[in-house]
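Trainee: PDB, C-alpha atoms, pLDDT in the B column, file run18.pdb:
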MODEL        1
ATOM      1  CA  MET I1246      15.708  -7.390 -30.317  1.00 36.00           C
ATOM      2  CA  ASN I1247      13.533  -4.264 -30.512  1.00 35.00           C
ATOM      3  CA  GLU I1248      11.660  -5.070 -33.706  1.00 36.00           C
ATOM      4  CA  PRO I1249       7.971  -5.951 -33.377  1.00 39.00           C
ATOM      5  CA  ASN I1250       7.056  -9.629 -33.418  1.00 40.00           C
ATOM      6  CA  VAL I1251       4.019 -10.971 -35.188  1.00 42.00           C
ATOM      7  CA  SER I1252       2.806 -14.455 -34.324  1.00 50.00           C
ATOM      8  CA  LYS I1253       3.170 -16.670 -37.359  1.00 52.00           C
ATOM      9  CA  ASN I1254       1.968 -20.232 -37.775  1.00 63.00           C
ATOM     10  CA  GLY I1255       0.321 -20.126 -34.350  1.00 80.00           C
ATOM     11  CA  ALA I1256       3.525 -19.180 -32.507  1.00 91.00           C
ATOM     12  CA  ILE I1257       3.138 -17.474 -29.152  1.00 94.00           C
ATOM     13  CA  THR I1258       5.590 -14.646 -28.541  1.00 97.00           C
ATOM     14  CA  LEU I1259       6.338 -14.064 -24.870  1.00 98.00           C
ATOM     15  CA  PHE I1260       8.578 -11.208 -23.784  1.00 98.00           C
ATOM     16  CA  THR I1261      10.243 -10.652 -20.424  1.00 98.00           C
ATOM     17  CA  ILE I1262      11.612  -7.443 -18.957  1.00 97.00           C
ATOM     18  CA  GLY I1263      13.080  -6.124 -15.730  1.00 94.00           C
ATOM     19  CA  PHE I1264      12.641  -2.507 -14.695  1.00 91.00           C
ATOM     20  CA  ALA I1265      15.816  -2.045 -12.624  1.00 89.00           C
ATOM     21  CA  GLY I1266      18.360   0.216 -14.283  1.00 88.00           C
ATOM     22  CA  LYS I1267      15.889   1.569 -16.834  1.00 92.00           C
ATOM     23  CA  THR I1268      14.294   4.976 -16.984  1.00 91.00           C
ATOM     24  CA  ALA I1269      10.535   5.071 -17.478  1.00 91.00           C
ATOM     25  CA  GLN I1270      11.119   6.325 -21.020  1.00 93.00           C
ATOM     26  CA  GLU I1271      13.473   3.433 -21.880  1.00 94.00           C
ATOM     27  CA  PHE I1272      11.112   0.925 -20.288  1.00 94.00           C
ATOM     28  CA  PHE I1273       7.928   2.042 -22.038  1.00 94.00           C
ATOM     29  CA  GLU I1274       9.670   2.485 -25.390  1.00 95.00           C
ATOM     30  CA  LYS I1275      10.989  -1.095 -25.230  1.00 96.00           C
ATOM     31  CA  LEU I1276       7.478  -2.406 -24.586  1.00 97.00           C
ATOM     32  CA  GLN I1277       5.968  -0.339 -27.392  1.00 96.00           C
ATOM     33  CA  LYS I1278       8.662  -1.213 -29.946  1.00 96.00           C
ATOM     34  CA  ALA I1279       8.227  -4.907 -29.170  1.00 97.00           C
ATOM     35  CA  GLY I1280       4.463  -4.730 -29.725  1.00 97.00           C
ATOM     36  CA  VAL I1281       3.537  -5.824 -26.191  1.00 97.00           C
ATOM     37  CA  LYS I1282      -0.244  -6.025 -25.646  1.00 97.00           C
ATOM     38  CA  ARG I1283      -0.357  -6.995 -21.965  1.00 97.00           C
ATOM     39  CA  LEU I1284       2.086  -6.935 -19.102  1.00 97.00           C
ATOM     40  CA  ILE I1285       2.086  -9.828 -16.647  1.00 97.00           C
ATOM     41  CA  ASP I1286       3.580  -8.807 -13.325  1.00 95.00           C
ATOM     42  CA  VAL I1287       5.278 -11.854 -11.772  1.00 96.00           C
ATOM     43  CA  ARG I1288       6.644 -10.079  -8.696  1.00 92.00           C
ATOM     44  CA  LEU I1289       5.658 -11.248  -5.244  1.00 88.00           C
ATOM     45  CA  ASN I1290       5.583  -7.666  -3.968  1.00 77.00           C
ATOM     46  CA  ASN I1291       4.382  -5.083  -6.475  1.00 69.00           C
ATOM     47  CA  VAL I1292       3.605  -2.285  -4.007  1.00 63.00           C
ATOM     48  CA  SER I1293       7.078  -1.697  -2.549  1.00 64.00           C
ATOM     49  CA  GLN I1294       8.476   1.818  -2.497  1.00 55.00           C
ATOM     50  CA  LEU I1295      11.502   0.343  -4.279  1.00 57.00           C
ATOM     51  CA  ALA I1296       9.279  -0.371  -7.285  1.00 56.00           C
ATOM     52  CA  GLY I1297       9.472   3.268  -8.416  1.00 69.00           C
ATOM     53  CA  PHE I1298       7.337   3.828 -11.519  1.00 73.00           C
ATOM     54  CA  THR I1299       6.245   0.159 -11.442  1.00 80.00           C
ATOM     55  CA  LYS I1300       4.316   0.393  -8.169  1.00 74.00           C
ATOM     56  CA  LYS I1301       1.017  -1.426  -8.844  1.00 74.00           C
ATOM     57  CA  LYS I1302      -1.645   1.305  -9.031  1.00 83.00           C
ATOM     58  CA  ASP I1303       0.571   3.902 -10.723  1.00 88.00           C
ATOM     59  CA  PHE I1304       1.958   1.265 -13.058  1.00 90.00           C
ATOM     60  CA  GLU I1305      -1.479   0.111 -14.215  1.00 91.00           C
ATOM     61  CA  TYR I1306      -2.283   3.726 -15.095  1.00 92.00           C
ATOM     62  CA  PHE I1307       1.029   4.361 -16.890  1.00 91.00           C
ATOM     63  CA  LEU I1308       0.731   1.187 -18.953  1.00 95.00           C
ATOM     64  CA  ARG I1309      -2.822   1.988 -20.017  1.00 94.00           C
ATOM     65  CA  VAL I1310      -2.343   5.695 -20.760  1.00 93.00           C
ATOM     66  CA  ILE I1311       1.205   5.762 -22.148  1.00 92.00           C
ATOM     67  CA  ALA I1312       1.315   2.469 -24.017  1.00 93.00           C
ATOM     68  CA  LYS I1313      -2.250   1.090 -24.185  1.00 96.00           C
ATOM     69  CA  ILE I1314      -1.028  -2.093 -22.497  1.00 97.00           C
ATOM     70  CA  GLU I1315      -3.208  -4.228 -20.230  1.00 96.00           C
ATOM     71  CA  TYR I1316      -1.870  -4.995 -16.732  1.00 95.00           C
ATOM     72  CA  LEU I1317      -2.214  -8.376 -15.012  1.00 95.00           C
ATOM     73  CA  HIS I1318      -0.639  -9.631 -11.778  1.00 94.00           C
ATOM     74  CA  TYR I1319      -0.123 -13.404 -11.606  1.00 96.00           C
ATOM     75  CA  GLU I1320       1.025 -14.258  -8.100  1.00 93.00           C
ATOM     76  CA  ASP I1321       1.162 -17.950  -8.997  1.00 95.00           C
ATOM     77  CA  LEU I1322       4.200 -17.096 -11.161  1.00 97.00           C
ATOM     78  CA  ALA I1323       6.060 -15.394  -8.302  1.00 96.00           C
ATOM     79  CA  PRO I1324       8.380 -17.079  -5.826  1.00 95.00           C
ATOM     80  CA  THR I1325       7.226 -17.735  -2.287  1.00 95.00           C
ATOM     81  CA  ALA I1326       8.320 -15.251   0.385  1.00 92.00           C
ATOM     82  CA  ASP I1327      10.448 -17.975   1.959  1.00 93.00           C
ATOM     83  CA  ILE I1328      12.389 -18.758  -1.226  1.00 93.00           C
ATOM     84  CA  LEU I1329      12.835 -15.086  -2.068  1.00 89.00           C
ATOM     85  CA  ASP I1330      13.927 -14.092   1.452  1.00 88.00           C
ATOM     86  CA  ARG I1331      16.411 -16.942   1.731  1.00 90.00           C
ATOM     87  CA  PHE I1332      17.955 -15.918  -1.581  1.00 88.00           C
ATOM     88  CA  LYS I1333      17.832 -12.110  -1.448  1.00 82.00           C
ATOM     89  CA  LYS I1334      17.819 -11.040   2.176  1.00 78.00           C
ATOM     90  CA  LYS I1335      19.445 -13.817   4.115  1.00 72.00           C
ATOM     91  CA  GLY I1336      21.891 -15.018   1.484  1.00 74.00           C
ATOM     92  CA  GLU I1337      21.222 -18.591   2.526  1.00 85.00           C
ATOM     93  CA  MET I1338      21.271 -19.953  -1.008  1.00 89.00           C
ATOM     94  CA  ASP I1339      23.014 -19.351  -4.291  1.00 92.00           C
ATOM     95  CA  TRP I1340      21.348 -18.971  -7.689  1.00 93.00           C
ATOM     96  CA  ALA I1341      21.619 -22.701  -8.496  1.00 94.00           C
ATOM     97  CA  GLU I1342      19.646 -23.603  -5.351  1.00 94.00           C
ATOM     98  CA  TYR I1343      17.113 -20.825  -5.955  1.00 94.00           C
ATOM     99  CA  GLU I1344      16.600 -22.063  -9.507  1.00 95.00           C
ATOM    100  CA  ARG I1345      16.146 -25.650  -8.301  1.00 96.00           C
ATOM    101  CA  LEU I1346      13.598 -24.680  -5.636  1.00 96.00           C
ATOM    102  CA  PHE I1347      11.687 -22.324  -7.910  1.00 96.00           C
ATOM    103  CA  ASN I1348      11.462 -24.940 -10.671  1.00 97.00           C
ATOM    104  CA  LEU I1349      10.077 -27.413  -8.104  1.00 97.00           C
ATOM    105  CA  LEU I1350       7.525 -24.788  -7.095  1.00 97.00           C
ATOM    106  CA  LEU I1351       6.469 -24.359 -10.734  1.00 97.00           C
ATOM    107  CA  GLN I1352       6.076 -28.120 -11.081  1.00 97.00           C
ATOM    108  CA  GLN I1353       3.788 -28.106  -8.038  1.00 97.00           C
ATOM    109  CA  ARG I1354       1.773 -25.066  -9.102  1.00 97.00           C
ATOM    110  CA  ARG I1355       1.379 -26.220 -12.720  1.00 97.00           C
ATOM    111  CA  PRO I1356       0.777 -22.782 -14.289  1.00 97.00           C
ATOM    112  CA  GLU I1357       0.391 -24.450 -17.687  1.00 96.00           C
ATOM    113  CA  ASP I1358      -2.908 -25.889 -16.379  1.00 96.00           C
ATOM    114  CA  ARG I1359      -4.106 -22.630 -14.776  1.00 94.00           C
ATOM    115  CA  HIS I1360      -3.453 -20.351 -17.726  1.00 96.00           C
ATOM    116  CA  ARG I1361      -4.101 -20.472 -21.457  1.00 95.00           C
ATOM    117  CA  PRO I1362      -1.293 -19.981 -23.977  1.00 95.00           C
ATOM    118  CA  GLU I1363      -3.222 -17.110 -25.598  1.00 94.00           C
ATOM    119  CA  GLU I1364      -2.875 -15.084 -22.377  1.00 94.00           C
ATOM    120  CA  PHE I1365       0.869 -14.965 -23.000  1.00 97.00           C
ATOM    121  CA  ASP I1366       0.869 -14.091 -26.702  1.00 96.00           C
ATOM    122  CA  HIS I1367       2.484 -10.671 -27.077  1.00 97.00           C
ATOM    123  CA  ALA I1368       2.548 -10.447 -23.304  1.00 98.00           C
ATOM    124  CA  CYS I1369       5.582  -9.404 -21.317  1.00 98.00           C
ATOM    125  CA  MET I1370       6.436 -10.831 -17.915  1.00 97.00           C
ATOM    126  CA  LEU I1371       7.819  -8.205 -15.542  1.00 96.00           C
ATOM    127  CA  CYS I1372      10.179  -8.492 -12.607  1.00 92.00           C
ATOM    128  CA  SER I1373      12.761  -6.161 -11.142  1.00 89.00           C
ATOM    129  CA  GLU I1374      16.023  -7.851 -12.184  1.00 91.00           C
ATOM    130  CA  PRO I1375      17.713  -5.905 -15.015  1.00 90.00           C
ATOM    131  CA  THR I1376      18.463  -9.083 -17.012  1.00 92.00           C
ATOM    132  CA  ALA I1377      16.674 -12.404 -17.251  1.00 93.00           C
ATOM    133  CA  GLU I1378      19.758 -14.519 -16.606  1.00 93.00           C
ATOM    134  CA  ASN I1379      19.304 -14.758 -12.826  1.00 92.00           C
ATOM    135  CA  CYS I1380      15.615 -13.940 -12.589  1.00 94.00           C
ATOM    136  CA  HIS I1381      12.622 -16.170 -11.986  1.00 95.00           C
ATOM    137  CA  ARG I1382      10.807 -14.640 -14.991  1.00 96.00           C
ATOM    138  CA  ARG I1383      13.196 -16.581 -17.248  1.00 97.00           C
ATOM    139  CA  LEU I1384      12.443 -19.772 -15.327  1.00 97.00           C
ATOM    140  CA  VAL I1385       8.691 -19.215 -15.709  1.00 98.00           C
ATOM    141  CA  ALA I1386       9.047 -18.551 -19.440  1.00 97.00           C
ATOM    142  CA  GLU I1387      11.173 -21.667 -19.933  1.00 97.00           C
ATOM    143  CA  HIS I1388       8.725 -23.770 -17.898  1.00 97.00           C
ATOM    144  CA  LEU I1389       5.810 -22.626 -20.057  1.00 97.00           C
ATOM    145  CA  LYS I1390       7.792 -23.222 -23.247  1.00 96.00           C
ATOM    146  CA  ARG I1391       8.399 -26.836 -22.188  1.00 96.00           C
ATOM    147  CA  HIS I1392       4.605 -27.279 -22.079  1.00 96.00           C
ATOM    148  CA  TRP I1393       3.677 -25.028 -24.991  1.00 94.00           C
ATOM    149  CA  ASP I1394       6.244 -25.827 -27.656  1.00 88.00           C
ATOM    150  CA  ASN I1395       4.951 -23.132 -30.010  1.00 94.00           C
ATOM    151  CA  MET I1396       6.251 -20.406 -27.671  1.00 96.00           C
ATOM    152  CA  VAL I1397       9.058 -18.015 -28.599  1.00 96.00           C
ATOM    153  CA  ILE I1398      10.735 -16.212 -25.691  1.00 97.00           C
ATOM    154  CA  ARG I1399      12.273 -12.761 -26.160  1.00 97.00           C
ATOM    155  CA  HIS I1400      14.050 -11.005 -23.297  1.00 96.00           C
ATOM    156  CA  LEU I1401      13.872  -7.201 -23.641  1.00 96.00           C
TER     157      LEU I1401
ENDMDL
END
Output the file's structure in the form of structure tokens.

Mentor:
Amino acid sequence: MNEPNVSKNGAITLFTIGFAGKTAQEFFEKLQKAGVKRLIDVRLNNVSQLAGFTKKKDFEYFLRVIAKIEYLHYEDLAPTADILDRFKKKGEMDWAEYERLFNLLLQQRRPEDRHRPEEFDHACMLCSEPTAENCHRRLVAEHLKRHWDNMVIRHL
């Protein structure tokens, strides 16, 4: 999973990563070993004190200086505050309901029409969850893959 990917036959390689539970060294080494060229932040709130080394302004600097990786923040790939709060803070819904609502949101937002596939080639979508299993970054990646069938998804 750590070996570099090279797009072959027009394939688009999209990575995802969560920062929770990783040291800065582990995090940046994973990105570098994978050959990530740009990081796409898909968090709703990227300035929280809980973000640690991934707080927006510091993070942009670290990515550029340490790893020569471009930073982008795509809010249209983040959940709404309502969906996130009901899931995380209030505990009003389980993962299955969150997934259903977030997928409906993606269908409404149509990110496949707002973005170009090339933007995601050797890009890595970032969120806080340590694994992609119960994270919206996986749902975004799968949504895009349904529209861009030449996409390969790799969770770091």

Trainee: Kindly resolve the PyMOL selection byres ((chain I and resi 1366) around 10) on the present coordinates and return the residues as a list in words.

Mentor: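 Evaluating the PyMOL selection byres ((chain I and resi 1366) around 10) on these coordinates yields Val1251, Ser1252, Gly1255, Ala1256, Ile1257, Thr1258, Leu1259, Phe1260, Val1281, Lys1282, Arg1283, Arg1361, Pro1362, Glu1363, Glu1364, Phe1365, His1367, Ala1368, Cys1369, Met1396 and Val1397 of chain I.
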
Trainee: From the set I:Asp1358, I:Glu1378, I:Asp1327, I:Glu1320, which residue has the shortest atom-to-atom contact distance to Asn1290 in chain I, counting only C-alpha atoms?

Mentor: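 Once distances to Asn1290 in chain I are computed over only C-alpha atoms, the minimum belongs to I:Glu1320.
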
Trainee: Which residue is closest to Lys1313 in chain I? Choose from I:Leu1401, I:Leu1350, I:Gln1277, I:His1392 and count only C-alpha atoms.

Mentor: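 When distances to Lys1313 in chain I are compared using only C-alpha atoms, the smallest one comes from I:Gln1277.
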
Trainee: Would you work out the distance separating CA of Thr1299 in chain I from CA of Tyr1319 in chain I, expressed in Å to one decimal?

Mentor: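 Going from CA of Thr1299 in chain I over to CA of Tyr1319 in chain I, I get 15.0 Å.
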
Trainee: Rounded to one decimal, what separation in Å do you get between CA of Leu1308 in chain I and CA of His1360 in chain I?

Mentor: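 Straight-line distance from CA of Leu1308 in chain I to CA of His1360 in chain I works out to 22.0 Å.
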
Trainee: Can you list, as an NGL selection string, every protein, DNA or RNA residue that comes within 12 Å of Asp1339 in chain I when you count all atoms listed in the file, leaving out same-chain residues fewer than 5 positions away?

Mentor: :I and (1328-1334 or 1344-1346 or 1379)

Trainee: List the spatial neighbours of Val1385 in chain I as a ChimeraX atom specification - criterion: any atom at most 12 Å away, only C-alpha atoms, same-chain residues fewer than 6 positions off excluded.

Mentor: /I:1259-1261,1285-1288,1319-1324,1344,1347-1352,1354-1357,1365,1369-1372,1377,1379,1391-1392,1398

Trainee: Keeping only C-alpha atoms, take the residues you just selected and write them out as a PDB file, in the frame of the given file.

Mentor:
ATOM      1  CA  LEU I1259       6.338 -14.064 -24.870  1.00 98.00           C
ATOM      2  CA  PHE I1260       8.578 -11.208 -23.784  1.00 98.00           C
ATOM      3  CA  THR I1261      10.243 -10.652 -20.424  1.00 98.00           C
ATOM      4  CA  ILE I1285       2.086  -9.828 -16.647  1.00 97.00           C
ATOM      5  CA  ASP I1286       3.580  -8.807 -13.325  1.00 95.00           C
ATOM      6  CA  VAL I1287       5.278 -11.854 -11.772  1.00 96.00           C
ATOM      7  CA  ARG I1288       6.644 -10.079  -8.696  1.00 92.00           C
ATOM      8  CA  TYR I1319      -0.123 -13.404 -11.606  1.00 96.00           C
ATOM      9  CA  GLU I1320       1.025 -14.258  -8.100  1.00 93.00           C
ATOM     10  CA  ASP I1321       1.162 -17.950  -8.997  1.00 95.00           C
ATOM     11  CA  LEU I1322       4.200 -17.096 -11.161  1.00 97.00           C
ATOM     12  CA  ALA I1323       6.060 -15.394  -8.302  1.00 96.00           C
ATOM     13  CA  PRO I1324       8.380 -17.079  -5.826  1.00 95.00           C
ATOM     14  CA  GLU I1344      16.600 -22.063  -9.507  1.00 95.00           C
ATOM     15  CA  PHE I1347      11.687 -22.324  -7.910  1.00 96.00           C
ATOM     16  CA  ASN I1348      11.462 -24.940 -10.671  1.00 97.00           C
ATOM     17  CA  LEU I1349      10.077 -27.413  -8.104  1.00 97.00           C
ATOM     18  CA  LEU I1350       7.525 -24.788  -7.095  1.00 97.00           C
ATOM     19  CA  LEU I1351       6.469 -24.359 -10.734  1.00 97.00           C
ATOM     20  CA  GLN I1352       6.076 -28.120 -11.081  1.00 97.00           C
ATOM     21  CA  ARG I1354       1.773 -25.066  -9.102  1.00 97.00           C
ATOM     22  CA  ARG I1355       1.379 -26.220 -12.720  1.00 97.00           C
ATOM     23  CA  PRO I1356       0.777 -22.782 -14.289  1.00 97.00           C
ATOM     24  CA  GLU I1357       0.391 -24.450 -17.687  1.00 96.00           C
ATOM     25  CA  PHE I1365       0.869 -14.965 -23.000  1.00 97.00           C
ATOM     26  CA  CYS I1369       5.582  -9.404 -21.317  1.00 98.00           C
ATOM     27  CA  MET I1370       6.436 -10.831 -17.915  1.00 97.00           C
ATOM     28  CA  LEU I1371       7.819  -8.205 -15.542  1.00 96.00           C
ATOM     29  CA  CYS I1372      10.179  -8.492 -12.607  1.00 92.00           C
ATOM     30  CA  ALA I1377      16.674 -12.404 -17.251  1.00 93.00           C
ATOM     31  CA  ASN I1379      19.304 -14.758 -12.826  1.00 92.00           C
ATOM     32  CA  ARG I1391       8.399 -26.836 -22.188  1.00 96.00           C
ATOM     33  CA  HIS I1392       4.605 -27.279 -22.079  1.00 96.00           C
ATOM     34  CA  ILE I1398      10.735 -16.212 -25.691  1.00 97.00           C
TER      35      ILE I1398
END

Trainee: Quick one, how far is CA of Ile1262 in chain I from CA of Gly1336 in chain I?

Mentor: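 If I compute the distance from CA of Ile1262 in chain I to CA of Gly1336 in chain I, I get 24.1 Å.
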
Trainee: Which is closer to Leu1284 in chain I than all the others in I:Lys1301, I:Lys1335, I:His1388, I:Arg1383, using only C-alpha atoms?

Mentor: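 Among the listed residues, I:Lys1301 lies closest to Leu1284 in chain I.
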
Trainee: Mind checking which residues fall within 7 Å of Phe1264 in chain I, counting all atoms listed in the file, ignoring those fewer than 2 positions away in the same chain, and posting them as a ChimeraX atom specification?

Mentor: /I:1262,1266-1267,1272,1372-1375
